Amino acid sequence: MALPQVVVDTIRLTMIQYLYLGRVSYEEALRLQAEVAELVAEGRLRNVLLLLEHPPVLTLGRNADRANILASEELLASRSVTVHEINRGGDVTYHGPGQLVGYPIFDLRTLRTVSGGRMGPVDFVRGMEEALIRMCGGFGVRAIRISGLTGVWCLPMESGGKERKIAAIGIHVARGITSHGFAFNVTTDLDDFALIVPCGIADHAVTSLQQEIKTSESLPTLEEIAHEAARHFGQVFSEQVLAVECLAALRAQADATPAQFSAEDTPLHAPAEVEHLLGCAERPIRV
């Protein structure tokens, strides 16, 4: 059923629409990202944030070292852990139950920096970090950035200790449209990270909100945390957010909206300094 035009017009003024999809296979999530990215590129959807969790899976970024998967193929198979090579920046990471995964499918040309300039990939990643840092703060958890190590890190528990990674970030940008995104550990089984060298960083441990929060018995559900993540994305990127009930509603909106433009004014090749920060050289944009 077609949506009323007044509803379509109102939605088009809302920059970020988000959906919480529950548990989704990694293969289906890749397909959904491609579908939504095409609709955003055509101007039939505005920026969309897909929020979900995955069954156990390892993903290898463009520059990943397969040696950072420590488990044998037999062990992975016995634990039903699948492996996927993908086109985001960064090395190897783990997704699994209890982890909130966010895939922002955003047109960077619609976003602006604080100074008013067009937002680039690095600005966007820094914004994602800021949103997750603020979300941690809302739960009483002090989180920070570490220069040269993209992601969100919790402060050491004791003097001389090292920061622990609570959120991994790795994106891909094509025609100005972002895909992939962040993985935020909520109640994730941290033992599963022993299958890998997380993000290729051997000297820092991982953590979860459940580990860091003082009153873990009052920890919100993954869906409730997804709503918080969307709210902070809206605040950081200075845009309204709108929860969409289901994929069918999102597709109905796209069907009701003719294509507006293509991403032809986006360079086919990113400048060298952007490639460096996307994980093509060392390690800035990594998971």
# chains A, B, ... in the order shown; residues from 1 in each chain; ligands from 1

$ residues_around --residues "Leu19 (chain A)" --least-positions-apart "5" --cutoff "9 Å" --atoms "only C-alpha atoms" --output "ChimeraX atom specification"
/A:48-52,226-227,242-247,250

$ write_last_selection --atoms "N, CA and C atoms" --output "mmCIF file, in the first residue's frame"
data_model
loop_
_atom_site.group_PDB
_atom_site.id
_atom_site.type_symbol
_atom_site.label_atom_id
_atom_site.label_comp_id
_atom_site.auth_asym_id
_atom_site.auth_seq_id
_atom_site.Cartn_x
_atom_site.Cartn_y
_atom_site.Cartn_z
ATOM 1 N N VAL A 48 19.925 5.749 6.435
ATOM 2 C CA VAL A 48 19.295 4.642 7.157
ATOM 3 C C VAL A 48 20.325 3.987 8.064
ATOM 4 N N LEU A 49 19.923 3.718 9.297
ATOM 5 C CA LEU A 49 20.771 3.022 10.264
ATOM 6 C C LEU A 49 20.125 1.675 10.584
ATOM 7 N N LEU A 50 20.778 0.597 10.149
ATOM 8 C CA LEU A 50 20.304 -0.753 10.430
ATOM 9 C C LEU A 50 20.968 -1.239 11.714
ATOM 10 N N LEU A 51 20.174 -1.664 12.686
ATOM 11 C CA LEU A 51 20.684 -2.121 13.973
ATOM 12 C C LEU A 51 20.245 -3.561 14.202
ATOM 13 N N LEU A 52 21.178 -4.415 14.612
ATOM 14 C CA LEU A 52 20.880 -5.849 14.681
ATOM 15 C C LEU A 52 21.969 -6.567 15.464
ATOM 16 N N ALA A 226 19.811 -0.349 21.279
ATOM 17 C CA ALA A 226 19.745 0.085 19.880
ATOM 18 C C ALA A 226 19.050 1.432 19.759
ATOM 19 N N HIS A 227 17.969 1.623 20.486
ATOM 20 C CA HIS A 227 17.267 2.913 20.459
ATOM 21 C C HIS A 227 18.169 4.029 20.993
ATOM 22 N N LEU A 242 14.176 8.841 13.201
ATOM 23 C CA LEU A 242 12.839 8.277 13.120
ATOM 24 C C LEU A 242 12.939 6.762 13.112
ATOM 25 N N ALA A 243 12.274 6.118 14.065
ATOM 26 C CA ALA A 243 12.244 4.651 14.090
ATOM 27 C C ALA A 243 11.270 4.152 13.035
ATOM 28 N N VAL A 244 11.708 3.214 12.236
ATOM 29 C CA VAL A 244 10.869 2.598 11.211
ATOM 30 C C VAL A 244 10.468 1.219 11.726
ATOM 31 N N GLU A 245 9.204 0.891 11.565
ATOM 32 C CA GLU A 245 8.668 -0.324 12.181
ATOM 33 C C GLU A 245 9.273 -1.594 11.597
ATOM 34 N N CYS A 246 9.457 -1.611 10.281
ATOM 35 C CA CYS A 246 9.913 -2.851 9.657
ATOM 36 C C CYS A 246 10.473 -2.542 8.276
ATOM 37 N N LEU A 247 11.116 -3.536 7.682
ATOM 38 C CA LEU A 247 11.670 -3.365 6.346
ATOM 39 C C LEU A 247 10.594 -3.086 5.310
ATOM 40 N N LEU A 250 9.961 0.534 5.176
ATOM 41 C CA LEU A 250 11.054 1.256 4.531
ATOM 42 C C LEU A 250 10.969 1.091 3.014
#

$ residues_around --residues "Ile177 (chain A)" --least-positions-apart "6" --cutoff "8 Å" --atoms "only C-alpha atoms" --output "PyMOL selection string"
chain A and resi 37+40-41+105-108

$ write_last_selection --atoms "N, CA and C atoms" --output "short mmCIF file (atom, residue, chain, number, x, y, z; two decimals), in the first residue's frame"
data_model
loop_
_atom_site.label_atom_id
_atom_site.label_comp_id
_atom_site.auth_asym_id
_atom_site.auth_seq_id
_atom_site.Cartn_x
_atom_site.Cartn_y
_atom_site.Cartn_z
N ALA A 37 21.76 0.69 0.24
CA ALA A 37 22.74 1.61 -0.33
C ALA A 37 22.33 2.07 -1.72
N VAL A 40 19.52 4.61 -1.30
CA VAL A 40 20.04 5.89 -0.81
C VAL A 40 20.76 6.62 -1.94
N ALA A 41 21.55 5.91 -2.73
CA ALA A 41 22.26 6.53 -3.84
C ALA A 41 21.31 7.14 -4.85
N ILE A 105 23.88 3.37 6.59
CA ILE A 105 23.92 3.53 5.13
C ILE A 105 23.59 5.00 4.86
N PHE A 106 24.62 5.81 4.87
CA PHE A 106 24.47 7.26 4.82
C PHE A 106 25.11 7.81 3.55
N ASP A 107 24.50 8.86 3.00
CA ASP A 107 25.09 9.62 1.91
C ASP A 107 25.90 10.74 2.55
N LEU A 108 27.22 10.65 2.46
CA LEU A 108 28.07 11.63 3.13
C LEU A 108 27.83 13.05 2.62
#

$ atom_distance --atom1 "CA of Ile133 (chain A)" --atom2 "CA of Tyr18 (chain A)"
19.2 Å

$ select_by_dssp --residues "region 117-286 of chain A" --states "strand (DSSP E)" --output "number ranges by chain"
A: 143-146, 149-154, 164-174, 177-185, 241-243

$ write_last_selection --atoms "N, CA and C atoms" --output "compact mmCIF listing (two decimals), in the first residue's frame"
# COMPACT_ATOMS: atom_id res chain seq x y z
N ALA A 143 34.47 6.22 28.44
CA ALA A 143 35.08 5.69 27.22
C ALA A 143 35.78 6.82 26.48
N ILE A 144 36.77 6.45 25.68
CA ILE A 144 37.62 7.43 25.00
C ILE A 144 37.99 6.93 23.61
N ARG A 145 38.65 7.81 22.85
CA ARG A 145 39.36 7.43 21.64
C ARG A 145 40.83 7.21 22.00
N ILE A 146 41.51 6.44 21.17
CA ILE A 146 42.97 6.31 21.24
C ILE A 146 43.52 6.69 19.88
N LEU A 149 44.14 4.28 16.75
CA LEU A 149 43.41 3.02 16.91
C LEU A 149 41.91 3.33 16.88
N THR A 150 41.32 3.28 15.70
CA THR A 150 39.91 3.61 15.58
C THR A 150 39.06 2.65 16.41
N GLY A 151 38.03 3.20 17.03
CA GLY A 151 37.13 2.42 17.86
C GLY A 151 36.84 3.17 19.15
N VAL A 152 36.22 2.50 20.09
CA VAL A 152 35.88 3.09 21.38
C VAL A 152 36.50 2.22 22.47
N TRP A 153 37.15 2.88 23.41
CA TRP A 153 37.96 2.19 24.41
C TRP A 153 37.55 2.62 25.81
N CYS A 154 37.52 1.67 26.73
CA CYS A 154 37.23 1.97 28.13
C CYS A 154 38.54 2.22 28.87
N ARG A 164 40.63 -1.01 27.19
CA ARG A 164 39.99 -2.20 26.64
C ARG A 164 38.95 -1.76 25.61
N LYS A 165 38.88 -2.49 24.52
CA LYS A 165 38.03 -2.08 23.40
C LYS A 165 36.61 -2.58 23.61
N ILE A 166 35.66 -1.65 23.59
CA ILE A 166 34.25 -2.00 23.74
C ILE A 166 33.50 -1.92 22.42
N ALA A 167 34.03 -1.16 21.47
CA ALA A 167 33.35 -1.03 20.17
C ALA A 167 34.37 -0.97 19.05
N ALA A 168 34.14 -1.77 18.02
CA ALA A 168 34.97 -1.78 16.82
C ALA A 168 34.25 -1.04 15.70
N ILE A 169 35.01 -0.39 14.84
CA ILE A 169 34.43 0.38 13.74
C ILE A 169 35.22 0.09 12.47
N GLY A 170 34.52 -0.15 11.39
CA GLY A 170 35.14 -0.32 10.08
C GLY A 170 34.10 -0.03 9.01
N ILE A 171 34.40 0.86 8.08
CA ILE A 171 33.42 1.25 7.07
C ILE A 171 33.96 1.04 5.67
N HIS A 172 33.04 1.09 4.74
CA HIS A 172 33.35 1.11 3.30
C HIS A 172 32.57 2.28 2.72
N VAL A 173 33.16 2.99 1.78
CA VAL A 173 32.48 4.10 1.12
C VAL A 173 32.56 3.90 -0.38
N ALA A 174 31.41 3.90 -1.05
CA ALA A 174 31.34 3.78 -2.50
C ALA A 174 30.31 4.78 -3.01
N ILE A 177 28.44 6.75 -0.50
CA ILE A 177 27.52 6.07 0.40
C ILE A 177 28.30 5.13 1.31
N THR A 178 28.05 5.23 2.61
CA THR A 178 28.74 4.37 3.57
C THR A 178 28.03 3.03 3.73
N SER A 179 28.81 2.03 4.13
CA SER A 179 28.24 0.74 4.53
C SER A 179 29.16 0.14 5.59
N HIS A 180 28.79 -1.04 6.09
CA HIS A 180 29.43 -1.63 7.26
C HIS A 180 29.29 -0.62 8.41
N GLY A 181 30.06 -0.71 9.46
CA GLY A 181 29.80 0.23 10.55
C GLY A 181 30.47 -0.13 11.85
N PHE A 182 29.65 -0.39 12.90
CA PHE A 182 30.23 -0.60 14.23
C PHE A 182 29.70 -1.88 14.86
N ALA A 183 30.48 -2.39 15.82
CA ALA A 183 30.08 -3.54 16.63
C ALA A 183 30.34 -3.17 18.08
N PHE A 184 29.28 -3.11 18.87
CA PHE A 184 29.35 -2.65 20.26
C PHE A 184 29.02 -3.82 21.18
N ASN A 185 29.97 -4.20 22.01
CA ASN A 185 29.79 -5.36 22.88
C ASN A 185 28.90 -5.00 24.08
N VAL A 241 15.91 11.77 14.20
CA VAL A 241 15.88 10.33 13.95
C VAL A 241 14.44 9.85 13.98
N LEU A 242 14.18 8.84 13.20
CA LEU A 242 12.84 8.28 13.12
C LEU A 242 12.94 6.76 13.11
N ALA A 243 12.27 6.12 14.07
CA ALA A 243 12.24 4.65 14.09
C ALA A 243 11.27 4.15 13.04

$ select_by_dssp --residues "region 133-278 of chain A" --states "helix (DSSP H, G or I)" --output "PyMOL selection string"
chain A and resi 133-138+190-195+198-200+209-212+216-218+222-236+247-255+272-278

$ residues_around --residues "Leu76 (chain A)" --least-positions-apart "5" --cutoff "12 Å" --atoms "only C-alpha atoms" --output "PyMOL selection string"
chain A and resi 56-58+69-71+81-83+94+192+194-196

$ closest_residue --among "A:Asp203, A:Gly96, A:Arg175, A:His84" --to "Arg109 (chain A)" --atoms "only C-alpha atoms"
A:Arg175

$ atom_distance --atom1 "CA of Gln99 (chain A)" --atom2 "CA of Val186 (chain A)"
5.3 Å

$ residues_around --residues "Leu190 (chain A)" --least-positions-apart "3" --cutoff "9 Å" --atoms "only C-alpha atoms" --output "short mmCIF file (atom, residue, chain, number, x, y, z; two decimals) with N, CA and C atoms, in the first residue's frame"
data_model
loop_
_atom_site.label_atom_id
_atom_site.label_comp_id
_atom_site.auth_asym_id
_atom_site.auth_seq_id
_atom_site.Cartn_x
_atom_site.Cartn_y
_atom_site.Cartn_z
N ASN A 185 29.97 -4.20 22.01
CA ASN A 185 29.79 -5.36 22.88
C ASN A 185 28.90 -5.00 24.08
N THR A 187 26.44 -7.79 25.90
CA THR A 187 26.57 -8.99 26.74
C THR A 187 27.34 -10.07 25.98
N PHE A 193 36.37 -14.00 21.60
CA PHE A 193 37.42 -13.20 20.97
C PHE A 193 38.77 -13.92 21.01
N ALA A 194 38.86 -15.02 21.79
CA ALA A 194 40.09 -15.81 21.81
C ALA A 194 40.29 -16.55 20.48
N VAL A 206 39.59 -6.88 24.95
CA VAL A 206 38.25 -6.39 24.64
C VAL A 206 37.41 -6.43 25.92
N THR A 207 36.31 -5.70 25.89
CA THR A 207 35.41 -5.68 27.03
C THR A 207 33.99 -5.52 26.52
N SER A 208 33.04 -5.47 27.45
CA SER A 208 31.63 -5.32 27.09
C SER A 208 30.96 -4.38 28.08
#

$ atom_distance --atom1 "CA of Arg134 (chain A)" --atom2 "CA of Pro156 (chain A)"
17.8 Å

$ residues_around --residues "Thr215 (chain A)" --least-positions-apart "4" --cutoff "10 Å" --atoms "only C-alpha atoms" --output "VMD selection string"
chain A and resid 139 to 140 210 to 211 219

$ residues_around --residues "region 253-261 of chain A" --least-positions-apart "2" --cutoff "6 Å" --atoms "only C-alpha atoms" --output "number ranges by chain"
A: 42-45, 250-251

$ residues_around --residues "Phe237 (chain A)" --least-positions-apart "5" --cutoff "12 Å" --atoms "only C-alpha atoms" --output "short mmCIF file (atom, residue, chain, number, x, y, z; two decimals) with N, CA and C atoms, in the first residue's frame"
data_model
loop_
_atom_site.label_atom_id
_atom_site.label_comp_id
_atom_site.auth_asym_id
_atom_site.auth_seq_id
_atom_site.Cartn_x
_atom_site.Cartn_y
_atom_site.Cartn_z
N MET A 15 16.54 13.06 8.59
CA MET A 15 17.80 12.58 8.02
C MET A 15 18.04 11.11 8.31
N ILE A 16 17.87 10.68 9.55
CA ILE A 16 18.25 9.32 9.92
C ILE A 16 17.02 8.51 10.27
N ASN A 47 19.14 8.79 4.82
CA ASN A 47 20.12 7.98 5.53
C ASN A 47 19.44 6.98 6.46
N PRO A 104 25.32 1.97 9.33
CA PRO A 104 24.80 3.24 8.81
C PRO A 104 24.98 3.32 7.30
N PHE A 106 24.62 5.81 4.87
CA PHE A 106 24.47 7.26 4.82
C PHE A 106 25.11 7.81 3.55
N LEU A 108 27.22 10.65 2.46
CA LEU A 108 28.07 11.63 3.13
C LEU A 108 27.83 13.05 2.62
N THR A 110 25.13 14.53 2.33
CA THR A 110 24.02 15.16 3.04
C THR A 110 24.41 15.59 4.45
N LEU A 111 25.64 15.26 4.86
CA LEU A 111 26.08 15.58 6.21
C LEU A 111 27.11 16.70 6.17
N ARG A 112 27.17 17.45 7.26
CA ARG A 112 28.09 18.57 7.37
C ARG A 112 28.89 18.48 8.67
N THR A 113 30.12 18.94 8.60
CA THR A 113 30.95 19.01 9.79
C THR A 113 30.51 20.18 10.64
N VAL A 114 31.09 20.31 11.82
CA VAL A 114 30.76 21.43 12.71
C VAL A 114 31.07 22.76 12.04
N GLY A 116 30.76 23.36 8.94
CA GLY A 116 29.88 23.57 7.80
C GLY A 116 30.34 22.94 6.51
N MET A 119 31.07 16.45 5.02
CA MET A 119 31.66 15.45 5.89
C MET A 119 32.34 14.36 5.06
N ASP A 123 35.82 12.08 9.08
CA ASP A 123 34.91 12.83 9.94
C ASP A 123 33.75 11.94 10.39
N PHE A 124 33.25 11.14 9.47
CA PHE A 124 32.11 10.28 9.76
C PHE A 124 32.47 9.24 10.82
N VAL A 125 33.64 8.64 10.67
CA VAL A 125 34.07 7.64 11.66
C VAL A 125 34.27 8.29 13.03
N ARG A 126 34.85 9.47 13.06
CA ARG A 126 35.00 10.17 14.34
C ARG A 126 33.63 10.46 14.96
N GLY A 127 32.65 10.77 14.13
CA GLY A 127 31.30 11.00 14.64
C GLY A 127 30.69 9.73 15.22
N MET A 128 30.90 8.59 14.54
CA MET A 128 30.42 7.32 15.07
C MET A 128 31.04 7.04 16.44
N GLU A 129 32.34 7.27 16.54
CA GLU A 129 33.01 7.08 17.83
C GLU A 129 32.37 7.95 18.90
N GLU A 130 32.13 9.21 18.55
CA GLU A 130 31.55 10.13 19.53
C GLU A 130 30.18 9.68 19.99
N ALA A 131 29.36 9.19 19.07
CA ALA A 131 28.02 8.71 19.44
C ALA A 131 28.11 7.55 20.43
N ALA A 230 20.73 4.97 18.29
CA ALA A 230 20.12 5.81 17.26
C ALA A 230 19.96 7.25 17.76
N ARG A 231 19.54 7.39 19.01
CA ARG A 231 19.36 8.74 19.57
C ARG A 231 20.67 9.51 19.57
N HIS A 232 21.76 8.84 19.95
CA HIS A 232 23.05 9.52 19.99
C HIS A 232 23.58 9.80 18.60
#
